[in-house]
Structures are given as C-alpha cells and as structure tokens.
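Printed here is coords_8.cif (mmCIF, N, CA and C atoms):
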data_query
#
loop_
_atom_site.label_atom_id
_atom_site.label_comp_id
_atom_site.auth_asym_id
_atom_site.auth_seq_id
_atom_site.Cartn_x
_atom_site.Cartn_y
_atom_site.Cartn_z
N LEU A 3 9.47 -15.29 -11.25
CA LEU A 3 8.50 -14.22 -11.41
C LEU A 3 9.21 -12.94 -11.80
N GLU A 4 8.53 -12.15 -12.59
CA GLU A 4 8.98 -10.81 -12.92
C GLU A 4 7.98 -9.86 -12.29
N LEU A 5 8.46 -8.96 -11.43
CA LEU A 5 7.59 -8.04 -10.71
C LEU A 5 7.87 -6.61 -11.13
N THR A 6 6.82 -5.83 -11.31
CA THR A 6 6.94 -4.41 -11.60
C THR A 6 6.07 -3.66 -10.61
N VAL A 7 6.69 -2.79 -9.81
CA VAL A 7 5.92 -1.95 -8.89
C VAL A 7 5.41 -0.77 -9.70
N ASN A 8 4.09 -0.63 -9.79
CA ASN A 8 3.48 0.46 -10.55
C ASN A 8 3.26 1.71 -9.71
N SER A 9 2.90 1.54 -8.44
CA SER A 9 2.68 2.70 -7.57
C SER A 9 2.64 2.26 -6.11
N VAL A 10 2.94 3.23 -5.24
CA VAL A 10 2.82 3.04 -3.80
C VAL A 10 2.06 4.24 -3.27
N LYS A 11 0.98 3.96 -2.55
CA LYS A 11 0.14 5.04 -2.02
C LYS A 11 -0.04 4.85 -0.52
N THR A 12 0.09 5.94 0.21
CA THR A 12 -0.13 5.92 1.65
C THR A 12 -1.63 5.87 1.92
N GLY A 13 -2.02 5.02 2.85
CA GLY A 13 -3.42 4.96 3.25
C GLY A 13 -3.60 5.55 4.64
N ARG A 14 -4.79 5.39 5.17
CA ARG A 14 -5.11 5.81 6.54
C ARG A 14 -5.62 4.59 7.30
N ILE A 15 -5.29 4.50 8.55
CA ILE A 15 -5.75 3.36 9.34
C ILE A 15 -7.27 3.32 9.40
N SER A 16 -7.92 4.46 9.24
CA SER A 16 -9.39 4.49 9.22
C SER A 16 -9.94 3.73 8.01
N ASP A 17 -9.11 3.50 6.98
CA ASP A 17 -9.54 2.68 5.84
C ASP A 17 -9.88 1.26 6.28
N LEU A 18 -9.31 0.85 7.40
CA LEU A 18 -9.51 -0.51 7.91
C LEU A 18 -10.50 -0.54 9.08
N ALA A 19 -11.34 0.48 9.19
CA ALA A 19 -12.27 0.61 10.32
C ALA A 19 -13.23 -0.57 10.47
N SER A 20 -13.55 -1.25 9.38
CA SER A 20 -14.50 -2.36 9.47
C SER A 20 -13.83 -3.67 9.90
N TYR A 21 -12.54 -3.63 10.18
CA TYR A 21 -11.81 -4.82 10.63
C TYR A 21 -11.49 -4.68 12.11
N GLN A 22 -11.41 -5.82 12.80
CA GLN A 22 -11.02 -5.81 14.21
C GLN A 22 -9.49 -5.83 14.26
N LEU A 23 -8.92 -4.73 14.69
CA LEU A 23 -7.47 -4.60 14.76
C LEU A 23 -7.01 -4.54 16.21
N ASP A 24 -5.87 -5.14 16.48
CA ASP A 24 -5.34 -5.04 17.84
C ASP A 24 -4.76 -3.64 18.03
N ALA A 25 -4.42 -3.31 19.26
CA ALA A 25 -3.96 -1.96 19.60
C ALA A 25 -2.72 -1.56 18.80
N ALA A 26 -1.77 -2.46 18.61
CA ALA A 26 -0.55 -2.14 17.88
C ALA A 26 -0.86 -1.87 16.40
N THR A 27 -1.72 -2.66 15.82
CA THR A 27 -2.07 -2.49 14.40
C THR A 27 -2.82 -1.18 14.17
N ARG A 28 -3.64 -0.76 15.13
CA ARG A 28 -4.38 0.51 14.98
C ARG A 28 -3.44 1.71 14.92
N LYS A 29 -2.19 1.54 15.35
CA LYS A 29 -1.21 2.63 15.29
C LYS A 29 -0.36 2.58 14.02
N ALA A 30 -0.52 1.54 13.22
CA ALA A 30 0.28 1.36 12.00
C ALA A 30 -0.23 2.26 10.88
N ARG A 31 0.59 2.43 9.87
CA ARG A 31 0.21 3.19 8.68
C ARG A 31 0.13 2.21 7.51
N PRO A 32 -1.04 2.14 6.84
CA PRO A 32 -1.13 1.25 5.68
C PRO A 32 -0.54 1.90 4.40
N TYR A 33 0.03 1.07 3.59
CA TYR A 33 0.52 1.47 2.26
C TYR A 33 -0.07 0.50 1.26
N TYR A 34 -0.52 1.02 0.12
CA TYR A 34 -1.13 0.22 -0.94
C TYR A 34 -0.17 0.19 -2.12
N VAL A 35 0.26 -1.00 -2.49
CA VAL A 35 1.26 -1.16 -3.54
C VAL A 35 0.63 -1.90 -4.73
N ARG A 36 0.57 -1.21 -5.85
CA ARG A 36 0.06 -1.81 -7.10
C ARG A 36 1.24 -2.44 -7.83
N VAL A 37 1.07 -3.70 -8.21
CA VAL A 37 2.17 -4.45 -8.80
C VAL A 37 1.69 -5.28 -9.99
N GLN A 38 2.55 -5.43 -10.97
CA GLN A 38 2.31 -6.29 -12.13
C GLN A 38 3.20 -7.52 -11.95
N VAL A 39 2.63 -8.71 -12.11
CA VAL A 39 3.38 -9.96 -11.91
C VAL A 39 3.29 -10.79 -13.18
N LYS A 40 4.44 -11.30 -13.63
CA LYS A 40 4.48 -12.18 -14.81
C LYS A 40 5.26 -13.43 -14.43
N ASN A 41 4.73 -14.58 -14.83
CA ASN A 41 5.42 -15.84 -14.61
C ASN A 41 6.36 -16.05 -15.80
N VAL A 42 7.64 -15.82 -15.59
CA VAL A 42 8.64 -15.98 -16.65
C VAL A 42 9.34 -17.34 -16.57
N GLY A 43 8.90 -18.16 -15.64
CA GLY A 43 9.48 -19.49 -15.48
C GLY A 43 8.63 -20.55 -16.16
N THR A 44 8.90 -21.80 -15.82
CA THR A 44 8.15 -22.91 -16.42
C THR A 44 7.17 -23.54 -15.45
N GLY A 45 7.25 -23.16 -14.17
CA GLY A 45 6.41 -23.76 -13.15
C GLY A 45 5.04 -23.12 -13.03
N ASP A 46 4.16 -23.78 -12.29
CA ASP A 46 2.81 -23.28 -12.02
C ASP A 46 2.85 -22.58 -10.66
N MET A 47 2.58 -21.27 -10.64
CA MET A 47 2.62 -20.48 -9.42
C MET A 47 1.22 -20.23 -8.86
N SER A 48 0.27 -21.06 -9.24
CA SER A 48 -1.12 -20.90 -8.79
C SER A 48 -1.22 -20.77 -7.28
N ARG A 49 -2.00 -19.78 -6.86
CA ARG A 49 -2.34 -19.55 -5.45
C ARG A 49 -1.16 -19.16 -4.58
N ALA A 50 0.00 -18.90 -5.15
CA ALA A 50 1.16 -18.48 -4.37
C ALA A 50 1.00 -17.01 -3.98
N GLY A 51 1.57 -16.64 -2.86
CA GLY A 51 1.60 -15.24 -2.47
C GLY A 51 2.64 -14.51 -3.32
N ILE A 52 2.47 -13.23 -3.48
CA ILE A 52 3.44 -12.44 -4.25
C ILE A 52 4.60 -12.11 -3.31
N PRO A 53 5.81 -12.56 -3.62
CA PRO A 53 6.94 -12.40 -2.69
C PRO A 53 7.61 -11.02 -2.77
N LEU A 54 6.84 -10.00 -2.46
CA LEU A 54 7.32 -8.63 -2.47
C LEU A 54 7.22 -8.09 -1.05
N TYR A 55 8.29 -7.51 -0.55
CA TYR A 55 8.33 -7.03 0.82
C TYR A 55 8.51 -5.52 0.85
N ALA A 56 7.94 -4.89 1.87
CA ALA A 56 8.19 -3.48 2.13
C ALA A 56 9.42 -3.41 3.04
N VAL A 57 10.24 -2.40 2.81
CA VAL A 57 11.38 -2.14 3.69
C VAL A 57 11.09 -0.80 4.35
N ASP A 58 11.08 -0.79 5.68
CA ASP A 58 10.76 0.47 6.37
C ASP A 58 12.03 1.24 6.73
N SER A 59 11.83 2.42 7.30
CA SER A 59 12.93 3.32 7.65
C SER A 59 13.83 2.75 8.74
N ARG A 60 13.44 1.65 9.35
CA ARG A 60 14.28 0.97 10.35
C ARG A 60 15.01 -0.23 9.73
N ASN A 61 14.88 -0.36 8.40
CA ASN A 61 15.47 -1.44 7.61
C ASN A 61 14.88 -2.81 7.97
N SER A 62 13.60 -2.83 8.34
CA SER A 62 12.89 -4.07 8.61
C SER A 62 12.09 -4.48 7.38
N LEU A 63 12.04 -5.79 7.10
CA LEU A 63 11.21 -6.31 6.01
C LEU A 63 9.80 -6.55 6.55
N ILE A 64 8.81 -6.13 5.79
CA ILE A 64 7.42 -6.29 6.19
C ILE A 64 6.68 -7.05 5.11
N GLN A 65 6.02 -8.14 5.51
CA GLN A 65 5.20 -8.92 4.58
C GLN A 65 3.89 -8.21 4.32
N SER A 66 3.29 -8.50 3.18
CA SER A 66 1.98 -7.93 2.90
C SER A 66 0.93 -8.58 3.80
N SER A 67 -0.14 -7.84 4.07
CA SER A 67 -1.24 -8.34 4.89
C SER A 67 -2.19 -9.14 4.02
N SER A 68 -2.86 -10.10 4.62
CA SER A 68 -3.85 -10.88 3.88
C SER A 68 -5.23 -10.64 4.49
N PHE A 69 -6.24 -10.82 3.67
CA PHE A 69 -7.63 -10.58 4.08
C PHE A 69 -8.47 -11.81 3.77
N ASN A 70 -9.46 -12.06 4.62
CA ASN A 70 -10.38 -13.18 4.38
C ASN A 70 -11.50 -12.80 3.43
N ASN A 71 -11.61 -11.50 3.15
CA ASN A 71 -12.63 -11.03 2.22
C ASN A 71 -11.99 -9.99 1.31
N THR A 72 -12.77 -9.37 0.46
CA THR A 72 -12.22 -8.38 -0.46
C THR A 72 -12.11 -7.03 0.23
N PHE A 73 -10.90 -6.49 0.25
CA PHE A 73 -10.65 -5.16 0.78
C PHE A 73 -10.69 -4.22 -0.42
N ALA A 74 -11.76 -3.45 -0.53
CA ALA A 74 -12.05 -2.66 -1.73
C ALA A 74 -10.94 -1.67 -2.10
N LYS A 75 -10.30 -1.05 -1.13
CA LYS A 75 -9.26 -0.05 -1.43
C LYS A 75 -8.05 -0.67 -2.13
N CYS A 76 -7.79 -1.93 -1.84
CA CYS A 76 -6.62 -2.60 -2.40
C CYS A 76 -6.87 -4.11 -2.33
N PRO A 77 -7.56 -4.65 -3.35
CA PRO A 77 -7.90 -6.08 -3.33
C PRO A 77 -6.65 -6.97 -3.36
N SER A 78 -6.25 -7.46 -2.20
CA SER A 78 -5.06 -8.29 -2.05
C SER A 78 -5.43 -9.76 -2.19
N LYS A 79 -4.88 -10.40 -3.19
CA LYS A 79 -5.19 -11.81 -3.42
C LYS A 79 -3.92 -12.55 -3.81
N PRO A 80 -3.88 -13.87 -3.55
CA PRO A 80 -2.74 -14.65 -4.07
C PRO A 80 -2.84 -14.72 -5.59
N LEU A 81 -1.81 -15.25 -6.21
CA LEU A 81 -1.84 -15.41 -7.66
C LEU A 81 -2.99 -16.34 -8.04
N PRO A 82 -3.61 -16.12 -9.18
CA PRO A 82 -4.79 -16.92 -9.56
C PRO A 82 -4.44 -18.36 -9.94
N ALA A 83 -5.46 -19.21 -9.96
CA ALA A 83 -5.30 -20.59 -10.42
C ALA A 83 -4.84 -20.56 -11.88
N GLY A 84 -4.02 -21.50 -12.25
CA GLY A 84 -3.54 -21.58 -13.63
C GLY A 84 -2.50 -20.53 -13.97
N PHE A 85 -1.77 -20.03 -12.95
CA PHE A 85 -0.75 -19.00 -13.20
C PHE A 85 0.53 -19.70 -13.65
N THR A 86 0.54 -20.07 -14.93
CA THR A 86 1.63 -20.81 -15.53
C THR A 86 2.49 -19.89 -16.40
N ALA A 87 3.45 -20.47 -17.11
CA ALA A 87 4.41 -19.72 -17.93
C ALA A 87 3.75 -18.67 -18.80
N ASN A 88 4.34 -17.47 -18.78
CA ASN A 88 3.93 -16.31 -19.59
C ASN A 88 2.60 -15.67 -19.20
N LYS A 89 2.00 -16.11 -18.11
CA LYS A 89 0.75 -15.46 -17.64
C LYS A 89 1.12 -14.24 -16.82
N SER A 90 0.28 -13.21 -16.89
CA SER A 90 0.48 -11.97 -16.14
C SER A 90 -0.78 -11.61 -15.38
N VAL A 91 -0.60 -10.86 -14.30
CA VAL A 91 -1.73 -10.39 -13.52
C VAL A 91 -1.32 -9.10 -12.81
N SER A 92 -2.28 -8.22 -12.61
CA SER A 92 -2.08 -7.02 -11.81
C SER A 92 -2.64 -7.28 -10.43
N GLY A 93 -1.99 -6.75 -9.42
CA GLY A 93 -2.48 -6.94 -8.07
C GLY A 93 -2.21 -5.72 -7.21
N CYS A 94 -2.74 -5.78 -6.01
CA CYS A 94 -2.53 -4.73 -5.03
C CYS A 94 -2.22 -5.40 -3.70
N LEU A 95 -1.20 -4.92 -3.04
CA LEU A 95 -0.78 -5.49 -1.76
C LEU A 95 -0.85 -4.41 -0.68
N VAL A 96 -1.25 -4.82 0.52
CA VAL A 96 -1.36 -3.90 1.66
C VAL A 96 -0.24 -4.21 2.64
N TYR A 97 0.48 -3.16 3.04
CA TYR A 97 1.55 -3.30 4.02
C TYR A 97 1.22 -2.39 5.20
N LEU A 98 1.34 -2.90 6.42
CA LEU A 98 1.09 -2.12 7.62
C LEU A 98 2.44 -1.83 8.28
N VAL A 99 2.87 -0.59 8.19
CA VAL A 99 4.16 -0.16 8.71
C VAL A 99 3.97 0.35 10.13
N PRO A 100 4.78 -0.14 11.07
CA PRO A 100 4.60 0.24 12.47
C PRO A 100 4.81 1.73 12.72
N PRO A 101 4.24 2.22 13.83
CA PRO A 101 4.40 3.65 14.16
C PRO A 101 5.88 3.99 14.34
N GLY A 102 6.22 5.22 13.95
CA GLY A 102 7.60 5.67 14.07
C GLY A 102 8.47 5.29 12.89
N ALA A 103 7.91 4.53 11.95
CA ALA A 103 8.65 4.13 10.75
C ALA A 103 7.84 4.50 9.52
N SER A 104 8.51 4.53 8.39
CA SER A 104 7.82 4.79 7.13
C SER A 104 8.37 3.85 6.07
N LEU A 105 7.61 3.64 5.02
CA LEU A 105 8.04 2.78 3.93
C LEU A 105 9.08 3.54 3.11
N VAL A 106 10.21 2.89 2.81
CA VAL A 106 11.24 3.56 2.02
C VAL A 106 11.52 2.87 0.69
N GLU A 107 11.28 1.55 0.61
CA GLU A 107 11.48 0.84 -0.65
C GLU A 107 10.75 -0.50 -0.63
N MET A 108 10.62 -1.07 -1.82
CA MET A 108 10.04 -2.40 -1.97
C MET A 108 11.17 -3.34 -2.34
N SER A 109 11.10 -4.60 -1.89
CA SER A 109 12.20 -5.53 -2.09
C SER A 109 11.69 -6.89 -2.58
N TYR A 110 12.38 -7.41 -3.59
CA TYR A 110 12.08 -8.74 -4.14
C TYR A 110 13.39 -9.50 -4.25
N ARG A 111 13.44 -10.69 -3.68
CA ARG A 111 14.64 -11.51 -3.78
C ARG A 111 14.21 -12.85 -4.37
N PRO A 112 14.45 -13.04 -5.67
CA PRO A 112 13.99 -14.28 -6.31
C PRO A 112 14.65 -15.54 -5.73
N LEU A 113 15.94 -15.45 -5.41
CA LEU A 113 16.66 -16.57 -4.80
C LEU A 113 17.59 -16.02 -3.73
N GLN A 114 17.81 -16.79 -2.68
CA GLN A 114 18.65 -16.35 -1.57
C GLN A 114 20.08 -16.04 -2.02
N ALA A 115 20.53 -16.69 -3.09
CA ALA A 115 21.90 -16.50 -3.58
C ALA A 115 22.12 -15.12 -4.21
N PHE A 116 21.06 -14.39 -4.51
CA PHE A 116 21.18 -13.10 -5.18
C PHE A 116 20.83 -11.95 -4.24
N GLU A 117 21.40 -10.80 -4.52
CA GLU A 117 21.03 -9.58 -3.81
C GLU A 117 19.57 -9.25 -4.13
N PRO A 118 18.84 -8.64 -3.20
CA PRO A 118 17.45 -8.28 -3.49
C PRO A 118 17.38 -7.21 -4.59
N ILE A 119 16.29 -7.26 -5.32
CA ILE A 119 15.97 -6.24 -6.32
C ILE A 119 15.06 -5.27 -5.60
N THR A 120 15.39 -3.98 -5.61
CA THR A 120 14.59 -3.02 -4.86
C THR A 120 14.00 -1.96 -5.77
N TRP A 121 12.90 -1.39 -5.32
CA TRP A 121 12.23 -0.29 -6.01
C TRP A 121 12.14 0.87 -5.05
N LYS A 122 12.60 2.01 -5.50
CA LYS A 122 12.44 3.26 -4.75
C LYS A 122 11.77 4.23 -5.71
N GLY A 123 10.80 4.92 -5.24
CA GLY A 123 10.11 5.88 -6.09
C GLY A 123 9.25 6.80 -5.25
N THR A 124 8.40 7.53 -5.93
CA THR A 124 7.50 8.46 -5.26
C THR A 124 6.38 7.71 -4.57
N ILE A 125 6.16 8.02 -3.31
CA ILE A 125 5.03 7.45 -2.58
C ILE A 125 3.93 8.50 -2.57
N ILE A 126 2.79 8.14 -3.10
CA ILE A 126 1.66 9.06 -3.20
C ILE A 126 1.04 9.21 -1.81
N PRO A 127 0.96 10.44 -1.29
CA PRO A 127 0.39 10.62 0.06
C PRO A 127 -1.11 10.37 0.06
N ALA A 128 -1.62 10.03 1.23
CA ALA A 128 -3.06 9.85 1.40
C ALA A 128 -3.76 11.18 1.17
N VAL A 129 -4.92 11.11 0.58
CA VAL A 129 -5.71 12.31 0.34
C VAL A 129 -6.40 12.68 1.64
N THR A 130 -6.23 13.92 2.05
CA THR A 130 -6.91 14.38 3.26
C THR A 130 -8.07 15.26 2.84
N LYS A 131 -9.21 14.94 3.37
CA LYS A 131 -10.42 15.70 3.04
C LYS A 131 -10.55 16.84 4.04
N LYS A 132 -10.62 18.04 3.51
CA LYS A 132 -10.83 19.21 4.37
C LYS A 132 -12.31 19.48 4.45
N PRO A 133 -12.83 19.67 5.66
CA PRO A 133 -14.26 19.93 5.78
C PRO A 133 -14.60 21.27 5.13
N ALA A 134 -15.73 21.31 4.46
CA ALA A 134 -16.18 22.55 3.82
C ALA A 134 -16.56 23.54 4.90
N LYS A 135 -16.19 24.80 4.69
CA LYS A 135 -16.55 25.84 5.65
C LYS A 135 -18.00 26.22 5.45
N LYS A 136 -18.72 26.21 6.53
CA LYS A 136 -20.13 26.58 6.46
C LYS A 136 -20.28 28.06 6.78
N ALA A 137 -21.08 28.73 5.98
CA ALA A 137 -21.36 30.15 6.25
C ALA A 137 -22.34 30.24 7.41
N LYS A 138 -22.14 31.25 8.24
CA LYS A 138 -23.06 31.46 9.36
C LYS A 138 -24.34 32.03 8.80
N LYS A 139 -25.43 31.69 9.46
CA LYS A 139 -26.74 32.17 9.04
C LYS A 139 -26.76 33.70 9.06
N GLY A 140 -27.18 34.29 7.96
CA GLY A 140 -27.27 35.74 7.86
C GLY A 140 -25.96 36.38 7.41
N ASP A 141 -24.91 35.59 7.24
CA ASP A 141 -23.61 36.09 6.81
C ASP A 141 -23.63 36.27 5.30
N THR A 142 -23.49 37.48 4.81
CA THR A 142 -23.49 37.73 3.38
C THR A 142 -22.20 38.35 2.90
N LYS A 143 -21.36 38.80 3.84
CA LYS A 143 -20.09 39.43 3.46
C LYS A 143 -18.97 38.40 3.62
N PRO A 144 -17.96 38.47 2.74
CA PRO A 144 -16.80 37.57 2.93
C PRO A 144 -16.06 37.96 4.19
N ALA A 145 -15.41 36.99 4.79
CA ALA A 145 -14.65 37.25 6.01
C ALA A 145 -13.52 38.21 5.72
N LYS A 146 -13.21 39.08 6.68
CA LYS A 146 -12.13 40.06 6.51
C LYS A 146 -10.80 39.35 6.70
N LYS A 147 -9.83 39.77 5.90
CA LYS A 147 -8.48 39.25 6.04
C LYS A 147 -7.80 39.99 7.17
N LYS A 148 -6.84 39.35 7.77
CA LYS A 148 -6.10 39.93 8.88
C LYS A 148 -5.44 41.24 8.40
N GLY A 149 -5.59 42.29 9.15
CA GLY A 149 -5.00 43.58 8.81
C GLY A 149 -5.94 44.47 8.02
N GLN A 150 -7.13 43.97 7.62
CA GLN A 150 -8.11 44.80 6.90
C GLN A 150 -9.07 45.41 7.89
N SER A 151 -9.63 46.56 7.53
CA SER A 151 -10.68 47.13 8.38
C SER A 151 -11.92 47.34 7.59
#
Turn the structure described in the file into structure tokens.
Amino acid sequence: LELTVNSVKTGRISDLASYQLDAATRKARPYYVRVQVKNVGTGDMSRAGIPLYAVDSRNSLIQSSSFNNTFAKCPSKPLPAGFTANKSVSGCLVYLVPPGASLVEMSYRPLQAFEPITWKGTIIPAVTKKPAKKAKKGDTKPAKKKGQS
C-alpha cells in the first residue's frame, strides 16, 4: 500500500456523544486523519483495515477506532471490495488519544523488516464555538471599555 496523510484535525469528545463510551474513553481526545490509499502491489486488499497508527507524546502506537455505523465527522471504513492493483481510495480514520497525551505523528510500517514511515505536520485544532453575546433589554449604548468614563 501507498499511504498519503492529507490532514490531521483535532476533534472533541462531544463529537461522540451519541455513542456509549466507557469512563476512560470519555477522557480521550479524538483526532480525525484524512488519508489517501493506493494499492501498489498485486494482491487484493479488499476489506482490510488501513494499517496507519497514531503515535502519541508518550511514544505509544494507537490503532484507529472502528464504528458499527457511519460516523459523519469522519467516516471510518475498511478498504472497499475489489481493492486490487492500482486502485485508490480516500478515507478518514479516528484515533482516540488518552488524557495527558497528544498526537505527534502518524506511522506506517509496510513490513517488520523496515523502519516505520512517519508523517509529522500541522494538526488542525478543533473549532471552538464562542456563544454570541446577547444585548440586555433596553441596552442601546456599546459597553464601556476599561478605563473609559
């Protein structure tokens, strides 16, 4: 397989609110990794998982999470049926990094005899929504800045 990491984005555990998570998983931080996969070999890789691992700040390898249904933020699926020579597919993988650690790189090791191929790049932070400030009823003047009279 030839793998290309296109992007890594930090998620929020609240993204997984519709799933039943154990206490330890509720403390994890999700990361969404967009990847391009090409079968450069001669074999059929149908239904295989994408062998890409997250490496956290504690130097632990983390496998991607799997879902029994479609997770809209990052549809994680095995390689499609008929994934034979020269076929390509784009995918998204979800990694749950334990509390106290952060994702630092992605790792792919095609064969045990070789050093892993790693990707380090910019991790896109999760978007935080700031609540809109509501004006008080009858308030028509802008708020005074500190030090103004």
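For the pair atom CA of Leu113 of chain A and atom CA of Phe85 of chain A, the interatomic distance is 19.5 Å.
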Surrounding residues of Pro82 of chain A excluding itself and chain neighbours under 5 positions, 12 Å, only C-alpha atoms, as a PyMOL selection string
chain A and resi 39-41+46-52+89-93
Neighbourhood query: residues within 10 Å of (-10.0, -4.1, -1.1), file coordinates, counting only C-alpha atoms; return as an MDAnalysis selection string.
chainID A and resid 17:18 34 69 71:79 94:96
Expand the PyMOL selection byres (((chain A and resi 118 and name CA) around 12) and name CA) into the individual residues it matches in the shown file, reporting them as a CSV table (one decimal) with N, CA and C atoms, keeping the file's coordinate frame.
chain,number,residue,atom,x,y,z
A,53,PRO,N,5.8,-12.6,-3.6
A,53,PRO,CA,6.9,-12.4,-2.7
A,53,PRO,C,7.6,-11.0,-2.8
A,54,LEU,N,6.8,-10.0,-2.5
A,54,LEU,CA,7.3,-8.6,-2.5
A,54,LEU,C,7.2,-8.1,-1.0
A,55,TYR,N,8.3,-7.5,-0.6
A,55,TYR,CA,8.3,-7.0,0.8
A,55,TYR,C,8.5,-5.5,0.8
A,56,ALA,N,7.9,-4.9,1.9
A,56,ALA,CA,8.2,-3.5,2.1
A,56,ALA,C,9.4,-3.4,3.0
A,57,VAL,N,10.2,-2.4,2.8
A,57,VAL,CA,11.4,-2.1,3.7
A,57,VAL,C,11.1,-0.8,4.4
A,63,LEU,N,12.0,-5.8,7.1
A,63,LEU,CA,11.2,-6.3,6.0
A,63,LEU,C,9.8,-6.6,6.6
A,107,GLU,N,11.3,1.6,0.6
A,107,GLU,CA,11.5,0.8,-0.6
A,107,GLU,C,10.8,-0.5,-0.6
A,108,MET,N,10.6,-1.1,-1.8
A,108,MET,CA,10.0,-2.4,-2.0
A,108,MET,C,11.2,-3.3,-2.3
A,109,SER,N,11.1,-4.6,-1.9
A,109,SER,CA,12.2,-5.5,-2.1
A,109,SER,C,11.7,-6.9,-2.6
A,110,TYR,N,12.4,-7.4,-3.6
A,110,TYR,CA,12.1,-8.7,-4.1
A,110,TYR,C,13.4,-9.5,-4.2
A,111,ARG,N,13.4,-10.7,-3.7
A,111,ARG,CA,14.6,-11.5,-3.8
A,111,ARG,C,14.2,-12.8,-4.4
A,112,PRO,N,14.4,-13.0,-5.7
A,112,PRO,CA,14.0,-14.3,-6.3
A,112,PRO,C,14.6,-15.5,-5.7
A,113,LEU,N,15.9,-15.4,-5.4
A,113,LEU,CA,16.7,-16.6,-4.8
A,113,LEU,C,17.6,-16.0,-3.7
A,114,GLN,N,17.8,-16.8,-2.7
A,114,GLN,CA,18.6,-16.4,-1.6
A,114,GLN,C,20.1,-16.0,-2.0
A,115,ALA,N,20.5,-16.7,-3.1
A,115,ALA,CA,21.9,-16.5,-3.6
A,115,ALA,C,22.1,-15.1,-4.2
A,116,PHE,N,21.1,-14.4,-4.5
A,116,PHE,CA,21.2,-13.1,-5.2
A,116,PHE,C,20.8,-12.0,-4.2
A,117,GLU,N,21.4,-10.8,-4.5
A,117,GLU,CA,21.0,-9.6,-3.8
A,117,GLU,C,19.6,-9.2,-4.1
A,119,ILE,N,16.3,-7.3,-5.3
A,119,ILE,CA,16.0,-6.2,-6.3
A,119,ILE,C,15.1,-5.3,-5.6
A,120,THR,N,15.4,-4.0,-5.6
A,120,THR,CA,14.6,-3.0,-4.9
A,120,THR,C,14.0,-2.0,-5.8
A,121,TRP,N,12.9,-1.4,-5.3
A,121,TRP,CA,12.2,-0.3,-6.0
A,121,TRP,C,12.1,0.9,-5.0
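Only residues having an atom at most 7 Å from (1.0, -3.5, -10.0) are included; using only C-alpha atoms, these are Thr6, Val7, Asn8, Ser9, Val35, Arg36, Val37, Gln38, Ser92, Gly93 and Cys94 of chain A.
For the pair atom N of Ala87 of chain A and atom N of Ser66 of chain A, the separation is 23.6 Å.
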Saving segment 56-70 of chain A with N, CA and C atoms, as a compact mmCIF listing (two decimals), in the first residue's frame, what would that file be?
# COMPACT_ATOMS: atom_id res chain seq x y z
N ALA A 56 -1.41 6.10 14.99
CA ALA A 56 -1.07 7.38 15.59
C ALA A 56 0.03 7.10 16.62
N VAL A 57 0.97 8.02 16.73
CA VAL A 57 2.00 7.94 17.76
C VAL A 57 1.76 9.12 18.68
N ASP A 58 1.57 8.83 19.97
CA ASP A 58 1.29 9.94 20.90
C ASP A 58 2.56 10.44 21.56
N SER A 59 2.40 11.48 22.37
CA SER A 59 3.53 12.13 23.04
C SER A 59 4.22 11.23 24.05
N ARG A 60 3.65 10.08 24.34
CA ARG A 60 4.28 9.09 25.23
C ARG A 60 4.97 7.99 24.42
N ASN A 61 5.01 8.18 23.10
CA ASN A 61 5.60 7.23 22.14
C ASN A 61 4.83 5.90 22.10
N SER A 62 3.51 5.95 22.32
CA SER A 62 2.67 4.78 22.21
C SER A 62 2.00 4.76 20.84
N LEU A 63 1.87 3.56 20.25
CA LEU A 63 1.14 3.40 18.99
C LEU A 63 -0.34 3.22 19.31
N ILE A 64 -1.18 3.92 18.56
CA ILE A 64 -2.63 3.85 18.77
C ILE A 64 -3.29 3.44 17.46
N GLN A 65 -4.09 2.38 17.52
CA GLN A 65 -4.85 1.94 16.35
C GLN A 65 -6.04 2.84 16.13
N SER A 66 -6.51 2.88 14.90
CA SER A 66 -7.72 3.67 14.63
C SER A 66 -8.93 2.96 15.23
N SER A 67 -9.95 3.74 15.55
CA SER A 67 -11.20 3.21 16.11
C SER A 67 -12.09 2.75 14.98
N SER A 68 -12.92 1.77 15.27
CA SER A 68 -13.88 1.31 14.26
C SER A 68 -15.29 1.56 14.76
N PHE A 69 -16.20 1.70 13.81
CA PHE A 69 -17.60 2.01 14.13
C PHE A 69 -18.50 0.99 13.44
N ASN A 70 -19.62 0.68 14.10
CA ASN A 70 -20.60 -0.24 13.51
C ASN A 70 -21.55 0.49 12.56
